[in-house]
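Data from upload.tsv: TSV, C-alpha atoms
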chain	number	residue	atom	x	y	z
A	1	MET	CA	-31.80	-7.79	37.40
A	2	THR	CA	-32.71	-10.43	39.95
A	3	GLU	CA	-32.37	-9.02	43.44
A	4	PRO	CA	-29.24	-10.38	45.20
A	5	SER	CA	-29.67	-12.27	48.44
A	6	ARG	CA	-28.99	-9.39	50.83
A	7	VAL	CA	-30.89	-6.17	50.19
A	8	ALA	CA	-30.15	-2.99	52.09
A	9	ARG	CA	-33.05	-1.16	53.68
A	10	HIS	CA	-33.18	2.59	54.18
A	11	SER	CA	-31.82	3.81	57.47
A	12	GLY	CA	-32.20	7.13	59.22
A	13	PRO	CA	-29.71	10.00	59.12
A	14	SER	CA	-26.07	9.08	59.54
A	15	PRO	CA	-24.48	11.46	62.06
A	16	ALA	CA	-20.92	11.01	60.81
A	17	ARG	CA	-21.24	11.06	57.03
A	18	PRO	CA	-23.45	14.01	55.93
A	19	PRO	CA	-20.89	16.79	56.66
A	20	ARG	CA	-18.29	14.94	54.54
A	21	ARG	CA	-20.83	14.54	51.76
A	22	ARG	CA	-21.78	18.21	51.77
A	23	LEU	CA	-18.13	19.08	51.28
A	24	LEU	CA	-17.86	16.52	48.50
A	25	ARG	CA	-20.89	17.92	46.71
A	26	GLY	CA	-19.12	21.30	46.68
A	27	ALA	CA	-16.04	19.67	45.19
A	28	ALA	CA	-18.18	17.87	42.64
A	29	ALA	CA	-19.76	21.13	41.57
A	30	ALA	CA	-16.36	22.68	41.00
A	31	GLY	CA	-15.07	19.68	39.06
A	32	VAL	CA	-18.09	19.06	36.87
A	33	ALA	CA	-18.58	22.74	36.04
A	34	ALA	CA	-15.81	22.67	33.47
A	35	SER	CA	-17.64	20.04	31.45
A	36	LEU	CA	-21.33	20.71	32.11
A	37	GLY	CA	-21.50	24.45	32.67
A	38	GLY	CA	-22.92	26.15	35.73
A	39	GLY	CA	-26.59	26.23	34.79
A	40	THR	CA	-27.58	22.98	36.46
A	41	LEU	CA	-25.06	22.86	39.27
A	42	ALA	CA	-27.16	24.74	41.81
A	43	LEU	CA	-29.05	21.49	42.20
A	44	LEU	CA	-26.00	19.83	43.75
A	45	GLY	CA	-26.57	21.66	46.99
A	46	ALA	CA	-30.10	20.29	47.29
A	47	ALA	CA	-29.11	16.65	47.85
A	48	PRO	CA	-30.48	15.26	51.14
A	49	ALA	CA	-28.40	14.30	54.15
A	50	ILE	CA	-30.29	11.02	54.64
A	51	ALA	CA	-28.09	7.98	54.16
A	52	HIS	CA	-29.38	4.72	52.71
A	53	ARG	CA	-27.54	1.61	53.82
A	54	SER	CA	-28.03	-1.64	55.72
A	55	SER	CA	-30.18	-1.17	58.81
A	56	GLN	CA	-28.42	-4.01	60.59
A	57	ASN	CA	-24.78	-4.78	61.35
A	58	THR	CA	-23.45	-5.72	57.94
A	59	SER	CA	-21.66	-9.04	57.56
A	60	GLU	CA	-20.36	-8.20	54.07
A	61	PRO	CA	-16.74	-7.05	53.73
A	62	VAL	CA	-17.77	-3.84	51.95
A	63	THR	CA	-20.49	-1.37	52.97
A	64	VAL	CA	-22.30	0.89	50.49
A	65	THR	CA	-24.02	4.09	51.65
A	66	VAL	CA	-26.14	6.15	49.24
A	67	PHE	CA	-26.57	9.83	50.12
A	68	SER	CA	-28.48	11.01	47.06
A	69	PRO	CA	-31.12	10.52	45.82
A	70	GLY	CA	-33.23	9.96	48.91
A	71	ALA	CA	-36.22	7.64	49.06
A	72	GLY	CA	-39.27	9.43	47.70
A	73	ASP	CA	-37.30	12.40	46.41
A	74	HIS	CA	-38.39	14.26	43.28
A	75	SER	CA	-34.94	14.73	41.79
A	76	GLY	CA	-33.59	16.88	38.98
A	77	SER	CA	-35.48	18.64	36.21
A	78	LEU	CA	-36.44	17.86	32.62
A	79	GLY	CA	-35.53	14.20	33.15
A	80	ALA	CA	-31.92	14.99	34.10
A	81	ASN	CA	-29.89	17.29	36.40
A	82	PHE	CA	-30.00	14.99	39.44
A	83	VAL	CA	-27.10	13.67	41.50
A	84	VAL	CA	-26.18	10.14	42.55
A	85	ASP	CA	-23.78	10.41	45.50
A	86	LEU	CA	-22.44	7.40	47.42
A	87	ALA	CA	-19.65	5.99	49.56
A	88	ILE	CA	-18.00	2.57	49.58
A	89	ASP	CA	-16.30	1.56	52.85
A	90	ALA	CA	-14.29	-1.45	53.92
A	91	THR	CA	-16.34	-2.89	56.79
A	92	THR	CA	-13.16	-3.55	58.80
A	93	ALA	CA	-9.50	-2.74	58.19
A	94	LYS	CA	-8.84	-6.34	57.21
A	95	ASP	CA	-11.22	-5.83	54.27
A	96	ASN	CA	-9.19	-2.89	52.91
A	97	PRO	CA	-7.56	-4.86	50.06
A	98	LEU	CA	-10.94	-5.22	48.35
A	99	ILE	CA	-11.16	-1.45	47.74
A	100	SER	CA	-7.47	-0.54	47.72
A	101	HIS	CA	-5.24	1.19	45.20
A	102	ALA	CA	-3.93	-2.24	44.26
A	103	ALA	CA	-7.51	-3.24	43.40
A	104	GLY	CA	-7.90	-0.16	41.19
A	105	TYR	CA	-9.69	2.18	43.61
A	106	GLY	CA	-8.55	5.76	43.96
A	107	PRO	CA	-8.97	9.39	42.87
A	108	TYR	CA	-10.20	9.75	39.31
A	109	TYR	CA	-11.97	12.51	37.40
A	110	ASN	CA	-13.90	10.84	34.59
A	111	THR	CA	-14.20	13.57	31.98
A	112	PRO	CA	-17.57	13.60	30.17
A	113	GLY	CA	-16.91	12.84	26.53
A	114	GLY	CA	-13.59	11.16	27.33
A	115	SER	CA	-12.66	7.62	26.33
A	116	SER	CA	-13.48	6.19	29.78
A	117	PHE	CA	-16.84	7.98	30.11
A	118	HIS	CA	-19.41	5.34	29.17
A	119	PRO	CA	-21.55	2.66	30.84
A	120	GLY	CA	-19.50	-0.11	32.41
A	121	ALA	CA	-16.89	-0.15	35.15
A	122	ASP	CA	-15.96	3.06	36.96
A	123	PRO	CA	-12.22	3.72	36.38
A	124	GLY	CA	-11.92	4.96	39.99
A	125	ALA	CA	-14.07	2.23	41.59
A	126	PRO	CA	-13.96	-0.81	39.29
A	127	GLY	CA	-16.21	-3.09	41.34
A	128	LEU	CA	-19.07	-0.59	41.64
A	129	VAL	CA	-22.42	-1.53	40.09
A	130	VAL	CA	-25.05	1.18	39.63
A	131	GLU	CA	-28.36	0.56	37.87
A	132	LEU	CA	-31.40	2.72	37.12
A	133	SER	CA	-34.70	1.06	36.35
A	134	GLY	CA	-35.45	3.49	33.52
A	135	THR	CA	-32.26	2.85	31.52
A	136	PRO	CA	-33.25	2.41	27.86
A	137	ASP	CA	-32.37	-0.54	25.65
A	138	LYS	CA	-30.63	0.88	22.59
A	139	PRO	CA	-29.24	-1.86	20.31
A	140	GLY	CA	-25.71	-1.16	19.14
A	141	THR	CA	-24.95	1.11	22.11
A	142	PRO	CA	-23.71	0.45	25.67
A	143	PHE	CA	-27.23	1.13	26.98
A	144	GLN	CA	-28.79	-2.33	27.31
A	145	GLY	CA	-31.80	-1.67	29.52
A	146	PRO	CA	-32.12	-1.68	33.33
A	147	ASN	CA	-29.30	-4.23	33.76
A	148	THR	CA	-26.76	-1.75	32.33
A	149	ASN	CA	-24.02	-0.84	34.79
A	150	LEU	CA	-23.92	2.97	34.83
A	151	ALA	CA	-20.93	3.31	37.17
A	152	GLY	CA	-18.69	4.37	34.27
A	153	LEU	CA	-20.68	7.62	34.02
A	154	PHE	CA	-19.61	8.81	37.49
A	155	GLN	CA	-17.41	11.88	37.10
A	156	ILE	CA	-15.94	12.26	40.61
A	157	ASN	CA	-14.03	9.59	42.55
A	158	GLY	CA	-11.97	10.14	45.71
A	159	ASN	CA	-10.62	8.11	48.58
A	160	ALA	CA	-9.77	8.41	52.27
A	161	LEU	CA	-8.65	6.44	55.30
A	162	VAL	CA	-11.45	6.73	57.88
A	163	SER	CA	-12.14	5.61	61.45
A	164	GLY	CA	-10.75	2.20	62.33
A	165	GLY	CA	-8.12	2.47	59.61
A	166	ARG	CA	-10.67	1.55	56.93
A	167	ASN	CA	-10.48	2.44	53.25
A	168	GLU	CA	-13.27	4.58	51.85
A	169	GLU	CA	-14.05	5.46	48.25
A	170	TRP	CA	-16.68	8.05	47.40
A	171	SER	CA	-18.21	8.59	43.97
A	172	THR	CA	-20.55	11.21	42.50
A	173	TRP	CA	-22.51	11.37	39.25
A	174	GLN	CA	-24.16	14.55	37.96
A	175	VAL	CA	-26.72	13.21	35.46
A	176	GLY	CA	-26.54	15.68	32.60
A	177	LYS	CA	-28.73	14.06	29.92
A	178	ALA	CA	-32.39	13.08	29.98
A	179	MET	CA	-32.35	9.42	29.01
A	180	PHE	CA	-33.57	7.50	32.06
A	181	GLY	CA	-37.26	8.35	31.84
A	182	ALA	CA	-39.36	10.46	34.18
A	183	GLY	CA	-41.49	9.57	37.17
A	184	PRO	CA	-40.96	6.60	39.51
A	185	SER	CA	-37.49	5.08	39.31
A	186	THR	CA	-35.34	2.72	41.38
A	187	LEU	CA	-31.60	3.13	41.94
A	188	THR	CA	-29.68	-0.07	42.75
A	189	VAL	CA	-26.09	0.03	44.04
A	190	PHE	CA	-23.67	-2.67	45.19
A	191	VAL	CA	-20.04	-3.77	44.81
A	192	VAL	CA	-18.53	-6.91	43.30
A	193	LYS	CA	-14.99	-8.26	43.58
A	194	GLY	CA	-12.67	-7.26	40.76
A	195	THR	CA	-14.06	-5.39	37.78
A	196	ALA	CA	-17.82	-5.16	37.35
A	197	PRO	CA	-19.32	-6.07	33.98
A	198	ALA	CA	-20.94	-3.56	31.66
A	199	VAL	CA	-24.23	-5.46	31.81
A	200	VAL	CA	-25.19	-7.26	35.03
A	201	THR	CA	-27.42	-10.16	34.06
A	202	PRO	CA	-29.37	-12.05	36.76
A	203	GLY	CA	-27.10	-14.44	38.64
A	204	SER	CA	-23.96	-13.31	36.81
A	205	VAL	CA	-22.29	-11.62	39.80
A	206	THR	CA	-22.00	-12.07	43.56
A	207	PRO	CA	-22.08	-8.86	45.63
A	208	ILE	CA	-19.38	-8.40	48.27
A	209	SER	CA	-21.39	-5.53	49.80
A	210	ASN	CA	-24.88	-4.78	50.98
A	211	VAL	CA	-27.29	-4.02	48.12
A	212	VAL	CA	-28.96	-0.61	48.33
A	213	LYS	CA	-32.22	0.08	46.51
A	214	VAL	CA	-33.61	3.63	46.56
A	215	PRO	CA	-37.07	4.35	45.11
A	216	PHE	CA	-37.33	7.97	43.96
A	217	ASN	CA	-38.83	10.11	41.20
A	218	ILE	CA	-37.06	11.66	38.24
A	219	THR	CA	-38.67	15.04	37.62
A	220	GLY	CA	-39.71	15.42	33.99

Go through the file and emit its structure as structure tokens.
Amino acid sequence: MTEPSRVARHSGPSPARPPRRRLLRGAAAAGVAASLGGGTLALLGAAPAIAHRSSQNTSEPVTVTVFSPGAGDHSGSLGANFVVDLAIDATTAKDNPLISHAAGYGPYYNTPGGSSFHPGADPGAPGLVVELSGTPDKPGTPFQGPNTNLAGLFQINGNALVSGGRNEEWSTWQVGKAMFGAGPSTLTVFVVKGTAPAVVTPGSVTPISNVVKVPFNITG
């Protein structure tokens, strides 16, 4: 897709967030185990504590922070078994309605194989857009190339009220199938108002958050 006007750059370690994310990765492992089995879940603990978000004071009402993958990482094995782990925060308390329960945000376990587990909007974070550059184009399926919104494949969604009385939603995806290629890849994450489309064509949406792009490698 065409790069939105504001693009997040990669920052250094975030002192406040990594401990929370390590706890979340443990919770994700427990939740996903029932559906994916334990063989690949040891990889969850290997996600880096480097956060990727705007390197300047954000002026958008919502702030996205990506914790995994990290820039330059060699993630997963056999083209799968890697984790996408991120947080969505209201920039100030007055922005809370954008990612509130009333707006559809909240705890949700998206069971693999269930009716809501498919590319498109995330049932627990409906405005989330997540793209991978290696997404295939398969006519007659929800996979429509790199513009496909993969947020609906996130299994774990939770929420909290954090410092400053701000809403936070965090979401985690354990990628269990090899279908996004191997080698260099780019993860793109941002949030739109309302419900995100299943395919994000250039110019079709306006982000209400920073836009995070993470270059990494999918291990084949």

What are the nearest atom pairs, with distances in Å to one decimal, for all residues of stretch 181-201 of chain A that come at most 7 Å from stretch 122-134 of chain A, using all atoms listed in the file, set out by chain and rising residue number as a Markdown table?
| residue | atom | partner | partner_atom | distance |
| --- | --- | --- | --- | --- |
| A:Gly181 | CA | A:Gly134 | CA | 5.5 |
| A:Ser185 | CA | A:Ser133 | CA | 5.7 |
| A:Thr186 | CA | A:Ser133 | CA | 5.3 |
| A:Leu187 | CA | A:Leu132 | CA | 4.8 |
| A:Thr188 | CA | A:Glu131 | CA | 5.1 |
| A:Val189 | CA | A:Val130 | CA | 4.7 |
| A:Phe190 | CA | A:Val129 | CA | 5.4 |
| A:Val191 | CA | A:Leu128 | CA | 4.6 |
| A:Val192 | CA | A:Gly127 | CA | 4.9 |
| A:Lys193 | CA | A:Gly127 | CA | 5.8 |
| A:Gly194 | CA | A:Gly127 | CA | 5.5 |
| A:Thr195 | CA | A:Gly127 | CA | 4.8 |
| A:Ala196 | CA | A:Gly127 | CA | 4.8 |

If we count only C-alpha atoms, what is near stretch 151-167 of chain A at a cut-off of 8 Å, once residues fewer than 2 positions away on the same chain are taken out, given as an mmCIF file with C-alpha atoms, keeping the file's coordinate frame?
data_model
loop_
_atom_site.group_PDB
_atom_site.id
_atom_site.type_symbol
_atom_site.label_atom_id
_atom_site.label_comp_id
_atom_site.auth_asym_id
_atom_site.auth_seq_id
_atom_site.Cartn_x
_atom_site.Cartn_y
_atom_site.Cartn_z
ATOM 1 C CA ALA A 28 -18.180 17.870 42.640
ATOM 2 C CA GLY A 31 -15.070 19.680 39.060
ATOM 3 C CA VAL A 32 -18.090 19.060 36.870
ATOM 4 C CA ASP A 89 -16.300 1.560 52.850
ATOM 5 C CA ALA A 90 -14.290 -1.450 53.920
ATOM 6 C CA THR A 91 -16.340 -2.890 56.790
ATOM 7 C CA THR A 92 -13.160 -3.550 58.800
ATOM 8 C CA ALA A 93 -9.500 -2.740 58.190
ATOM 9 C CA ASP A 95 -11.220 -5.830 54.270
ATOM 10 C CA ASN A 96 -9.190 -2.890 52.910
ATOM 11 C CA ILE A 99 -11.160 -1.450 47.740
ATOM 12 C CA SER A 100 -7.470 -0.540 47.720
ATOM 13 C CA TYR A 105 -9.690 2.180 43.610
ATOM 14 C CA GLY A 106 -8.550 5.760 43.960
ATOM 15 C CA PRO A 107 -8.970 9.390 42.870
ATOM 16 C CA TYR A 108 -10.200 9.750 39.310
ATOM 17 C CA TYR A 109 -11.970 12.510 37.400
ATOM 18 C CA ASN A 110 -13.900 10.840 34.590
ATOM 19 C CA THR A 111 -14.200 13.570 31.980
ATOM 20 C CA PRO A 112 -17.570 13.600 30.170
ATOM 21 C CA SER A 116 -13.480 6.190 29.780
ATOM 22 C CA PHE A 117 -16.840 7.980 30.110
ATOM 23 C CA HIS A 118 -19.410 5.340 29.170
ATOM 24 C CA PRO A 119 -21.550 2.660 30.840
ATOM 25 C CA GLY A 120 -19.500 -0.110 32.410
ATOM 26 C CA ALA A 121 -16.890 -0.150 35.150
ATOM 27 C CA ASP A 122 -15.960 3.060 36.960
ATOM 28 C CA PRO A 123 -12.220 3.720 36.380
ATOM 29 C CA GLY A 124 -11.920 4.960 39.990
ATOM 30 C CA ALA A 125 -14.070 2.230 41.590
ATOM 31 C CA LEU A 128 -19.070 -0.590 41.640
ATOM 32 C CA VAL A 129 -22.420 -1.530 40.090
ATOM 33 C CA VAL A 130 -25.050 1.180 39.630
ATOM 34 C CA GLU A 131 -28.360 0.560 37.870
ATOM 35 C CA ASN A 149 -24.020 -0.840 34.790
ATOM 36 C CA GLU A 169 -14.050 5.460 48.250
ATOM 37 C CA TRP A 170 -16.680 8.050 47.400
ATOM 38 C CA SER A 171 -18.210 8.590 43.970
ATOM 39 C CA THR A 172 -20.550 11.210 42.500
ATOM 40 C CA TRP A 173 -22.510 11.370 39.250
ATOM 41 C CA GLN A 174 -24.160 14.550 37.960
#

Work out how far apart atom CA of A:Thr135 and atom CA of A:Phe180 are and give it in Å to one decimal. 4.9 Å

Can you tell me how far atom CA of A:Ser115 sits from atom CA of A:Met179, in Å to one decimal? 20.0 Å

To one decimal place, how far is atom CA of A:Pro146 from atom CA of A:Thr63 in Å?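 Atom CA of A:Thr63 lies at a distance of 22.8 Å from atom CA of A:Pro146.
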